Amino acid sequence: MFTGIIEEIGEVGEIRRNSIGMKLCICAHKVLEGTKSGDSINVDGVCLTVTQISDKDFTADVVRETMLKTSFSHIRRGDKVNLERALQLSGRLGGHLVNGHVDGTGRIVTMNAGKTVIECSKEIMRYIFPRASVAVDGISLTVQKISNRRFEIALIPHTSIVTTLATKRAGELVNLEADLISKQLEILVRKISPFNKGGLMGIS
């Protein structure tokens, strides 16, 4: 579990493709502190398991399914990525609850004066509404406006500095994870709906 508060910007150092997908080597500093093999790190919104670690980078496997569902299908050596270590129970929840399980990608439509408009599928938009939280490339952000299959977010200067989002351009893909609570509520409502054959007793 993560919070969407980015700890540092890392850099893709090496990409090794294999039969199951690829191995990513990410150069970093802060997120390596206290991290060991088997720990989770959120990379641009994607929860990855550390398989190797040194004093300057870490390696993680990315399976083919993850590559197809995220912007990792276009990742290149030298790309900058947002990094966050898993949340500790003793830590502060500065953003919102983020699983690191990307729902899909969105495409940047416009970026003007700190405001970014993103277009995504209707499947993701069903969970997007004004003042709700959304993780964009792992960054916890608040939705300002929605229109059809587009939503607008605003970047404060601090977020622009400590994340990669301000460097993006129109047309680029970003990883999206809708609010976890909204998705869980939908599942619950479906189970207790009177149209559900099992009704309340259908909840398992």
# chains A, B, ... in the order shown; residues from 1 in each chain; ligands from 1
>>> residues_around(residues="stretch 174-190 of chain A", least_positions_apart="3", cutoff="6 Å", atoms="only C-alpha atoms", output="number ranges by chain")
A: 70, 102-106, 133-137, 193
>>> select_by_dssp(residues="stretch 9-196 of chain A", states="helix (DSSP H, G or I)", output="ChimeraX atom specification")
/A:30-32,64-69,71-74,122-125,157-162,165-167,180-192
>>> residues_around(residues="A:Lys23", least_positions_apart="4", cutoff="12 Å", atoms="only C-alpha atoms", output="list of chain:residue names")
A:Val12, A:Gly13, A:Glu14, A:Ile15, A:Arg16, A:Arg17, A:Asn18, A:Ser19, A:Leu48, A:Thr49, A:Val50, A:Thr51, A:Gln52, A:Phe58, A:Thr59, A:Ala60, A:Asp61, A:Val62, A:Val63, A:Arg64, A:Met67, A:Phe72, A:Ile75, A:Arg77
>>> residues_around(residues="A:Ile139", least_positions_apart="4", cutoff="7 Å", atoms="only C-alpha atoms", output="PDB file with all heavy atoms, in the first residue's frame")
ATOM      1  N   GLY A   4       0.803   7.851  -2.553  1.00  0.00           N
ATOM      2  CA  GLY A   4       0.805   8.768  -3.684  1.00  0.00           C
ATOM      3  C   GLY A   4       1.652  10.008  -3.447  1.00  0.00           C
ATOM      4  O   GLY A   4       1.608  10.951  -4.237  1.00  0.00           O
ATOM      5  N   ILE A   5       2.421  10.004  -2.359  1.00  0.00           N
ATOM      6  CA  ILE A   5       3.356  11.105  -2.089  1.00  0.00           C
ATOM      7  C   ILE A   5       4.740  10.659  -2.555  1.00  0.00           C
ATOM      8  O   ILE A   5       5.375   9.807  -1.935  1.00  0.00           O
ATOM      9  CB  ILE A   5       3.387  11.467  -0.592  1.00  0.00           C
ATOM     10  CG1 ILE A   5       1.976  11.832  -0.101  1.00  0.00           C
ATOM     11  CG2 ILE A   5       4.354  12.628  -0.355  1.00  0.00           C
ATOM     12  CD1 ILE A   5       1.348  13.009  -0.816  1.00  0.00           C
ATOM     13  N   ILE A   6       5.194  11.211  -3.656  1.00  0.00           N
ATOM     14  CA  ILE A   6       6.443  10.773  -4.285  1.00  0.00           C
ATOM     15  C   ILE A   6       7.644  11.157  -3.432  1.00  0.00           C
ATOM     16  O   ILE A   6       7.756  12.288  -2.968  1.00  0.00           O
ATOM     17  CB  ILE A   6       6.569  11.383  -5.699  1.00  0.00           C
ATOM     18  CG1 ILE A   6       5.338  11.037  -6.533  1.00  0.00           C
ATOM     19  CG2 ILE A   6       7.855  10.903  -6.376  1.00  0.00           C
ATOM     20  CD1 ILE A   6       5.028   9.569  -6.638  1.00  0.00           C
ATOM     21  N   ALA A 135      -4.652   8.596  -8.702  1.00  0.00           N
ATOM     22  CA  ALA A 135      -3.198   8.482  -8.786  1.00  0.00           C
ATOM     23  C   ALA A 135      -2.789   8.538 -10.255  1.00  0.00           C
ATOM     24  O   ALA A 135      -3.233   7.721 -11.065  1.00  0.00           O
ATOM     25  CB  ALA A 135      -2.721   7.176  -8.165  1.00  0.00           C
TER      26      ALA A 135
END
>>> select_by_dssp(residues="stretch 9-46 of chain A", states="strand (DSSP E)", output="NGL selection string")
:A and (9-17 or 21-27 or 40-43 or 46)
>>> write_last_selection(atoms="N, CA and C atoms", output="compact mmCIF listing (two decimals), in the first residue's frame")
# COMPACT_ATOMS: atom_id res chain seq x y z
N ILE A 9 12.58 11.20 -7.67
CA ILE A 9 12.53 10.85 -9.08
C ILE A 9 13.74 9.97 -9.39
N GLY A 10 13.47 8.78 -9.92
CA GLY A 10 14.54 7.88 -10.30
C GLY A 10 14.75 7.90 -11.80
N GLU A 11 15.70 7.11 -12.25
CA GLU A 11 16.00 7.04 -13.69
C GLU A 11 16.17 5.59 -14.11
N VAL A 12 15.56 5.24 -15.24
CA VAL A 12 15.69 3.88 -15.77
C VAL A 12 17.12 3.69 -16.27
N GLY A 13 17.83 2.77 -15.61
CA GLY A 13 19.23 2.57 -15.97
C GLY A 13 19.44 1.48 -17.00
N GLU A 14 18.64 0.43 -16.92
CA GLU A 14 18.80 -0.69 -17.84
C GLU A 14 17.47 -1.42 -17.99
N ILE A 15 17.21 -1.91 -19.19
CA ILE A 15 16.02 -2.70 -19.48
C ILE A 15 16.47 -4.01 -20.13
N ARG A 16 16.13 -5.13 -19.49
CA ARG A 16 16.48 -6.43 -20.05
C ARG A 16 15.20 -7.21 -20.33
N ARG A 17 14.86 -7.36 -21.59
CA ARG A 17 13.65 -8.07 -21.96
C ARG A 17 13.88 -9.58 -21.92
N GLY A 21 8.56 -10.94 -19.78
CA GLY A 21 8.36 -9.49 -19.82
C GLY A 21 9.69 -8.77 -19.89
N MET A 22 10.10 -8.20 -18.75
CA MET A 22 11.39 -7.53 -18.71
C MET A 22 11.84 -7.29 -17.28
N LYS A 23 13.14 -7.05 -17.14
CA LYS A 23 13.72 -6.62 -15.88
C LYS A 23 14.07 -5.15 -15.99
N LEU A 24 13.63 -4.37 -15.00
CA LEU A 24 13.94 -2.95 -14.96
C LEU A 24 14.97 -2.68 -13.88
N CYS A 25 16.01 -1.95 -14.23
CA CYS A 25 16.99 -1.50 -13.25
C CYS A 25 16.78 0.01 -13.09
N ILE A 26 16.44 0.44 -11.87
CA ILE A 26 16.13 1.84 -11.60
C ILE A 26 17.19 2.46 -10.71
N CYS A 27 17.82 3.52 -11.18
CA CYS A 27 18.79 4.25 -10.38
C CYS A 27 18.06 5.17 -9.40
N SER A 40 8.41 -3.75 -1.66
CA SER A 40 7.68 -3.14 -2.78
C SER A 40 8.05 -1.68 -2.94
N ILE A 41 8.19 -1.27 -4.19
CA ILE A 41 8.39 0.15 -4.53
C ILE A 41 7.43 0.50 -5.65
N ASN A 42 6.76 1.63 -5.50
CA ASN A 42 5.84 2.11 -6.51
C ASN A 42 6.64 2.89 -7.55
N VAL A 43 6.61 2.41 -8.78
CA VAL A 43 7.34 3.04 -9.88
C VAL A 43 6.33 3.57 -10.90
N VAL A 46 3.06 1.90 -10.50
CA VAL A 46 3.04 0.44 -10.58
C VAL A 46 3.82 -0.16 -9.40
>>> closest_residue(among="A:Gly95, A:Pro130, A:Gly138, A:Gly38", to="A:Arg150", atoms="only C-alpha atoms")
A:Pro130
>>> closest_residue(among="A:Leu155, A:Val81, A:Val143, A:Cys47", to="A:Val98", atoms="only C-alpha atoms")
A:Cys47
>>> residues_around(residues="stretch 164-173 of chain A", least_positions_apart="6", cutoff="7 Å", atoms="only C-alpha atoms", output="CSV table (one decimal) with C-alpha atoms, in the first residue's frame")
chain,number,residue,atom,x,y,z
A,71,SER,CA,2.9,3.0,-19.9
A,80,LYS,CA,12.6,9.6,-15.3
A,81,VAL,CA,10.1,7.8,-13.0
A,82,ASN,CA,8.3,8.6,-9.8
A,105,THR,CA,-3.5,4.4,-19.0
A,106,GLY,CA,-4.7,7.9,-19.8
A,107,ARG,CA,-3.5,10.3,-22.4
A,108,ILE,CA,-2.5,13.9,-21.7
A,109,VAL,CA,-4.7,16.3,-23.7
A,110,THR,CA,-3.5,19.7,-22.6
A,111,MET,CA,-1.1,21.2,-20.0
>>> decode(residues="stretch 108-157 of chain A", atoms="N, CA and C atoms", output="short mmCIF file (atom, residue, chain, number, x, y, z; two decimals), in the first residue's frame")
data_model
loop_
_atom_site.label_atom_id
_atom_site.label_comp_id
_atom_site.auth_asym_id
_atom_site.auth_seq_id
_atom_site.Cartn_x
_atom_site.Cartn_y
_atom_site.Cartn_z
N ILE A 108 -2.51 12.50 -21.94
CA ILE A 108 -2.55 13.93 -21.65
C ILE A 108 -3.08 14.67 -22.87
N VAL A 109 -4.10 15.48 -22.64
CA VAL A 109 -4.70 16.26 -23.72
C VAL A 109 -4.07 17.65 -23.78
N THR A 110 -4.07 18.35 -22.63
CA THR A 110 -3.47 19.68 -22.57
C THR A 110 -2.78 19.88 -21.22
N MET A 111 -1.80 20.76 -21.21
CA MET A 111 -1.12 21.19 -19.98
C MET A 111 -0.92 22.68 -20.07
N ASN A 112 -1.66 23.44 -19.25
CA ASN A 112 -1.57 24.89 -19.29
C ASN A 112 -1.64 25.47 -17.89
N ALA A 113 -0.66 26.31 -17.54
CA ALA A 113 -0.67 27.06 -16.28
C ALA A 113 -0.96 26.17 -15.07
N GLY A 114 -0.29 25.04 -15.02
CA GLY A 114 -0.45 24.15 -13.87
C GLY A 114 -1.66 23.26 -13.93
N LYS A 115 -2.48 23.40 -14.96
CA LYS A 115 -3.67 22.56 -15.10
C LYS A 115 -3.45 21.53 -16.21
N THR A 116 -3.78 20.30 -15.90
CA THR A 116 -3.58 19.20 -16.85
C THR A 116 -4.89 18.50 -17.10
N VAL A 117 -5.21 18.29 -18.38
CA VAL A 117 -6.41 17.55 -18.76
C VAL A 117 -5.99 16.18 -19.30
N ILE A 118 -6.62 15.14 -18.76
CA ILE A 118 -6.29 13.77 -19.14
C ILE A 118 -7.53 13.06 -19.66
N GLU A 119 -7.36 12.32 -20.74
CA GLU A 119 -8.45 11.54 -21.32
C GLU A 119 -8.21 10.06 -21.02
N CYS A 120 -9.27 9.35 -20.65
CA CYS A 120 -9.12 7.93 -20.34
C CYS A 120 -10.37 7.17 -20.75
N SER A 121 -10.37 5.87 -20.51
CA SER A 121 -11.50 5.03 -20.89
C SER A 121 -12.71 5.29 -20.01
N LYS A 122 -13.88 4.92 -20.50
CA LYS A 122 -15.09 5.09 -19.71
C LYS A 122 -15.08 4.18 -18.48
N GLU A 123 -14.34 3.06 -18.55
CA GLU A 123 -14.25 2.16 -17.42
C GLU A 123 -13.56 2.82 -16.23
N ILE A 124 -12.55 3.65 -16.51
CA ILE A 124 -11.87 4.38 -15.44
C ILE A 124 -12.68 5.61 -15.04
N MET A 125 -13.28 6.29 -16.02
CA MET A 125 -14.02 7.52 -15.73
C MET A 125 -15.19 7.31 -14.78
N ARG A 126 -15.70 6.09 -14.70
CA ARG A 126 -16.84 5.84 -13.81
C ARG A 126 -16.47 6.09 -12.35
N TYR A 127 -15.16 6.08 -12.04
CA TYR A 127 -14.72 6.31 -10.66
C TYR A 127 -14.13 7.71 -10.47
N ILE A 128 -14.16 8.53 -11.51
CA ILE A 128 -13.58 9.87 -11.46
C ILE A 128 -14.69 10.90 -11.28
N PHE A 129 -14.60 11.71 -10.24
CA PHE A 129 -15.58 12.77 -10.04
C PHE A 129 -14.90 13.92 -9.29
N PRO A 130 -15.47 15.14 -9.38
CA PRO A 130 -14.83 16.31 -8.77
C PRO A 130 -14.51 16.11 -7.29
N ARG A 131 -13.33 16.54 -6.92
CA ARG A 131 -12.79 16.49 -5.56
C ARG A 131 -12.45 15.07 -5.09
N ALA A 132 -12.53 14.10 -6.01
CA ALA A 132 -12.09 12.74 -5.69
C ALA A 132 -10.57 12.65 -5.89
N SER A 133 -9.98 11.63 -5.34
CA SER A 133 -8.55 11.40 -5.52
C SER A 133 -8.30 10.46 -6.70
N VAL A 134 -7.18 10.68 -7.37
CA VAL A 134 -6.75 9.80 -8.44
C VAL A 134 -5.22 9.76 -8.43
N ALA A 135 -4.65 8.60 -8.70
CA ALA A 135 -3.20 8.48 -8.79
C ALA A 135 -2.79 8.54 -10.26
N VAL A 136 -1.98 9.52 -10.59
CA VAL A 136 -1.48 9.71 -11.96
C VAL A 136 0.03 9.48 -11.94
N ASP A 137 0.48 8.40 -12.58
CA ASP A 137 1.89 8.00 -12.50
C ASP A 137 2.33 7.89 -11.04
N GLY A 138 1.41 7.41 -10.19
CA GLY A 138 1.73 7.21 -8.79
C GLY A 138 1.57 8.42 -7.90
N ILE A 139 1.18 9.56 -8.47
CA ILE A 139 1.06 10.81 -7.72
C ILE A 139 -0.38 10.99 -7.24
N SER A 140 -0.56 11.23 -5.96
CA SER A 140 -1.89 11.48 -5.42
C SER A 140 -2.33 12.89 -5.80
N LEU A 141 -3.42 12.97 -6.59
CA LEU A 141 -3.92 14.26 -7.07
C LEU A 141 -5.43 14.34 -6.88
N THR A 142 -5.94 15.57 -6.87
CA THR A 142 -7.37 15.80 -6.70
C THR A 142 -7.99 16.24 -8.02
N VAL A 143 -9.09 15.60 -8.37
CA VAL A 143 -9.80 15.94 -9.60
C VAL A 143 -10.51 17.29 -9.44
N GLN A 144 -10.31 18.18 -10.40
CA GLN A 144 -10.94 19.50 -10.38
C GLN A 144 -12.26 19.51 -11.14
N LYS A 145 -12.21 19.02 -12.37
CA LYS A 145 -13.40 19.03 -13.23
C LYS A 145 -13.44 17.74 -14.04
N ILE A 146 -14.64 17.37 -14.50
CA ILE A 146 -14.78 16.24 -15.40
C ILE A 146 -15.67 16.64 -16.57
N SER A 147 -15.45 15.98 -17.72
CA SER A 147 -16.27 16.23 -18.89
C SER A 147 -16.13 15.03 -19.82
N ASN A 148 -17.23 14.28 -19.96
CA ASN A 148 -17.23 13.08 -20.80
C ASN A 148 -16.13 12.13 -20.34
N ARG A 149 -15.14 11.89 -21.17
CA ARG A 149 -14.05 10.97 -20.82
C ARG A 149 -12.76 11.72 -20.46
N ARG A 150 -12.92 12.96 -20.00
CA ARG A 150 -11.75 13.75 -19.62
C ARG A 150 -11.91 14.30 -18.21
N PHE A 151 -10.78 14.44 -17.52
CA PHE A 151 -10.80 15.08 -16.22
C PHE A 151 -9.60 16.02 -16.09
N GLU A 152 -9.77 17.02 -15.24
CA GLU A 152 -8.73 18.04 -15.06
C GLU A 152 -8.16 17.96 -13.65
N ILE A 153 -6.85 18.08 -13.56
CA ILE A 153 -6.16 18.14 -12.28
C ILE A 153 -5.29 19.38 -12.26
N ALA A 154 -5.01 19.90 -11.08
CA ALA A 154 -4.15 21.07 -10.93
C ALA A 154 -2.88 20.67 -10.20
N LEU A 155 -1.75 21.17 -10.68
CA LEU A 155 -0.45 20.90 -10.06
C LEU A 155 0.02 22.11 -9.29
N ILE A 156 0.26 21.94 -7.99
CA ILE A 156 0.88 23.02 -7.23
C ILE A 156 2.37 23.03 -7.57
N PRO A 157 3.05 24.15 -7.38
CA PRO A 157 4.47 24.25 -7.74
C PRO A 157 5.32 23.14 -7.11
#
